[in-house]
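run_7.cif follows (mmCIF, C-alpha atoms):
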```
data_run
loop_
_atom_site.group_PDB
_atom_site.id
_atom_site.type_symbol
_atom_site.label_atom_id
_atom_site.label_comp_id
_atom_site.auth_asym_id
_atom_site.auth_seq_id
_atom_site.Cartn_x
_atom_site.Cartn_y
_atom_site.Cartn_z
ATOM 1 C CA MET A 1 16.328 -14.336 -10.883
ATOM 2 C CA GLU A 2 15.152 -12.377 -7.864
ATOM 3 C CA VAL A 3 11.843 -13.397 -6.249
ATOM 4 C CA LYS A 4 9.938 -11.495 -3.559
ATOM 5 C CA ILE A 5 7.106 -13.301 -1.792
ATOM 6 C CA GLY A 6 4.557 -11.534 0.369
ATOM 7 C CA VAL A 7 3.069 -13.675 3.128
ATOM 8 C CA GLN A 8 -0.136 -12.790 4.974
ATOM 9 C CA HIS A 9 0.302 -11.836 8.642
ATOM 10 C CA ALA A 10 4.104 -11.583 8.232
ATOM 11 C CA PRO A 11 5.813 -8.225 8.721
ATOM 12 C CA ARG A 12 8.480 -8.824 6.049
ATOM 13 C CA GLU A 13 8.548 -10.277 2.583
ATOM 14 C CA ILE A 14 10.706 -13.249 1.621
ATOM 15 C CA VAL A 15 13.449 -12.339 -0.854
ATOM 16 C CA LEU A 16 15.544 -14.971 -2.594
ATOM 17 C CA GLU A 17 17.703 -15.503 -5.655
ATOM 18 C CA THR A 18 16.980 -18.574 -7.760
ATOM 19 C CA GLU A 19 18.374 -20.050 -10.951
ATOM 20 C CA LEU A 20 14.904 -20.856 -12.333
ATOM 21 C CA SER A 21 13.632 -19.017 -15.384
ATOM 22 C CA ALA A 22 10.712 -16.607 -15.175
ATOM 23 C CA GLU A 23 8.505 -19.134 -16.984
ATOM 24 C CA ALA A 24 9.376 -21.928 -14.510
ATOM 25 C CA LEU A 25 8.699 -19.629 -11.546
ATOM 26 C CA GLU A 26 5.379 -18.555 -12.988
ATOM 27 C CA ALA A 27 4.406 -22.200 -13.548
ATOM 28 C CA ALA A 28 5.284 -23.091 -9.939
ATOM 29 C CA VAL A 29 3.235 -20.171 -8.584
ATOM 30 C CA THR A 30 0.317 -21.014 -10.870
ATOM 31 C CA ASP A 31 0.362 -24.653 -9.750
ATOM 32 C CA ALA A 32 0.339 -23.533 -6.124
ATOM 33 C CA LEU A 33 -2.519 -21.069 -6.581
ATOM 34 C CA THR A 34 -4.703 -23.417 -8.632
ATOM 35 C CA GLY A 35 -4.586 -26.057 -5.914
ATOM 36 C CA LYS A 36 -2.276 -28.577 -7.565
ATOM 37 C CA THR A 37 0.109 -28.264 -4.607
ATOM 38 C CA ALA A 38 -0.469 -27.161 -1.003
ATOM 39 C CA LEU A 39 2.916 -25.426 -0.770
ATOM 40 C CA LEU A 40 4.881 -23.081 -2.979
ATOM 41 C CA THR A 41 8.352 -24.655 -2.930
ATOM 42 C CA LEU A 42 11.380 -22.767 -4.267
ATOM 43 C CA THR A 43 15.113 -23.437 -3.946
ATOM 44 C CA ASP A 44 17.549 -20.512 -3.817
ATOM 45 C CA THR A 45 21.020 -20.334 -5.358
ATOM 46 C CA LYS A 46 22.630 -21.582 -2.111
ATOM 47 C CA GLY A 47 20.478 -24.733 -2.046
ATOM 48 C CA ARG A 48 18.086 -23.650 0.698
ATOM 49 C CA LYS A 49 14.402 -24.489 0.241
ATOM 50 C CA VAL A 50 11.626 -22.013 0.922
ATOM 51 C CA LEU A 51 8.166 -23.468 1.575
ATOM 52 C CA VAL A 52 5.140 -21.181 1.755
ATOM 53 C CA PRO A 53 1.567 -22.407 2.298
ATOM 54 C CA THR A 54 -0.509 -21.354 -0.704
ATOM 55 C CA ASP A 55 -3.355 -20.066 1.458
ATOM 56 C CA ARG A 56 -0.952 -17.502 2.996
ATOM 57 C CA LEU A 57 0.430 -16.040 -0.259
ATOM 58 C CA SER A 58 -0.203 -12.324 -0.734
ATOM 59 C CA TYR A 59 1.914 -11.702 -3.822
ATOM 60 C CA VAL A 60 4.898 -13.025 -5.750
ATOM 61 C CA ASP A 61 7.160 -10.507 -7.490
ATOM 62 C CA ILE A 62 9.397 -12.037 -10.164
ATOM 63 C CA GLY A 63 12.153 -9.794 -11.499
ATOM 64 C CA GLU A 64 15.730 -9.505 -12.561
ATOM 65 C CA PRO A 65 18.328 -8.788 -9.880
ATOM 66 C CA THR A 66 19.640 -5.251 -9.799
ATOM 67 C CA ALA A 67 23.363 -4.854 -10.239
ATOM 68 C CA ARG A 68 25.186 -3.072 -7.458
ATOM 69 C CA LYS A 69 26.699 0.232 -8.472
ATOM 70 C CA VAL A 70 30.285 0.854 -7.523
ATOM 71 C CA GLY A 71 31.967 4.237 -7.363
ATOM 72 C CA PHE A 72 31.118 7.828 -6.643
ATOM 73 C CA GLY A 73 29.204 8.744 -9.804
ATOM 74 C CA ALA A 74 26.397 11.280 -9.859
ATOM 75 C CA VAL A 75 22.989 9.881 -9.069
#
```

Any chance you could give the structure as structure tokens?
Amino acid sequence: MEVKIGVQHAPREIVLETELSAEALEAAVTDALTGKTALLTLTDTKGRKVLVPTDRLSYVDIGEPTARKVGFGAV
């Protein structure tokens, strides 16, 4: 699952791939935004942890990864 996180006062968004389901990601974001946790903590597919303070979250985009196209087909 691909996740894009917008952070206030940061020029770029955080993009990571995780093995969590969409429901688990939504629950983690909801817990962070409702004040149950001070940090949004996610682990990517390579085992790296991403910690974002909840007061700095702008948006969280949860979506499926796009498959890379190979070849010279018409666009």

Given the file above and the PyMOL selection byres ((chain A and resi 27-33) around 12), which residues are selected, and can you give them as a PyMOL selection string? chain A and resi 3+5+20-26+34-43+51-62

Could you write out as a VMD selection string the residues that the PyMOL selection byres ((chain A and resi 46) around 12) matches in the shown file? chain A and resid 16 to 19 42 to 45 47 to 50

Going by the chain IDs and residue numbers used in this file, which residues fall under the PyMOL selection byres ((chain A and resi 14) around 6)? Write them as a PyMOL selection string. chain A and resi 4-5+13+15

For the residues selected in the previous step, produce a file with C-alpha atoms as a compact mmCIF listing (two decimals), in the coordinates of the input.
```
# COMPACT_ATOMS: atom_id res chain seq x y z
CA LYS A 4 9.94 -11.50 -3.56
CA ILE A 5 7.11 -13.30 -1.79
CA GLU A 13 8.55 -10.28 2.58
CA VAL A 15 13.45 -12.34 -0.85
```

5 Å per side around segment 10-19 of chain A: axis-aligned box centre and edge lengths, as lines of an AutoDock Vina configuration file:
```
center_x = 11.2
center_y = -14.1
center_z = -1.1
size_x = 24.3
size_y = 21.8
size_z = 29.7
```
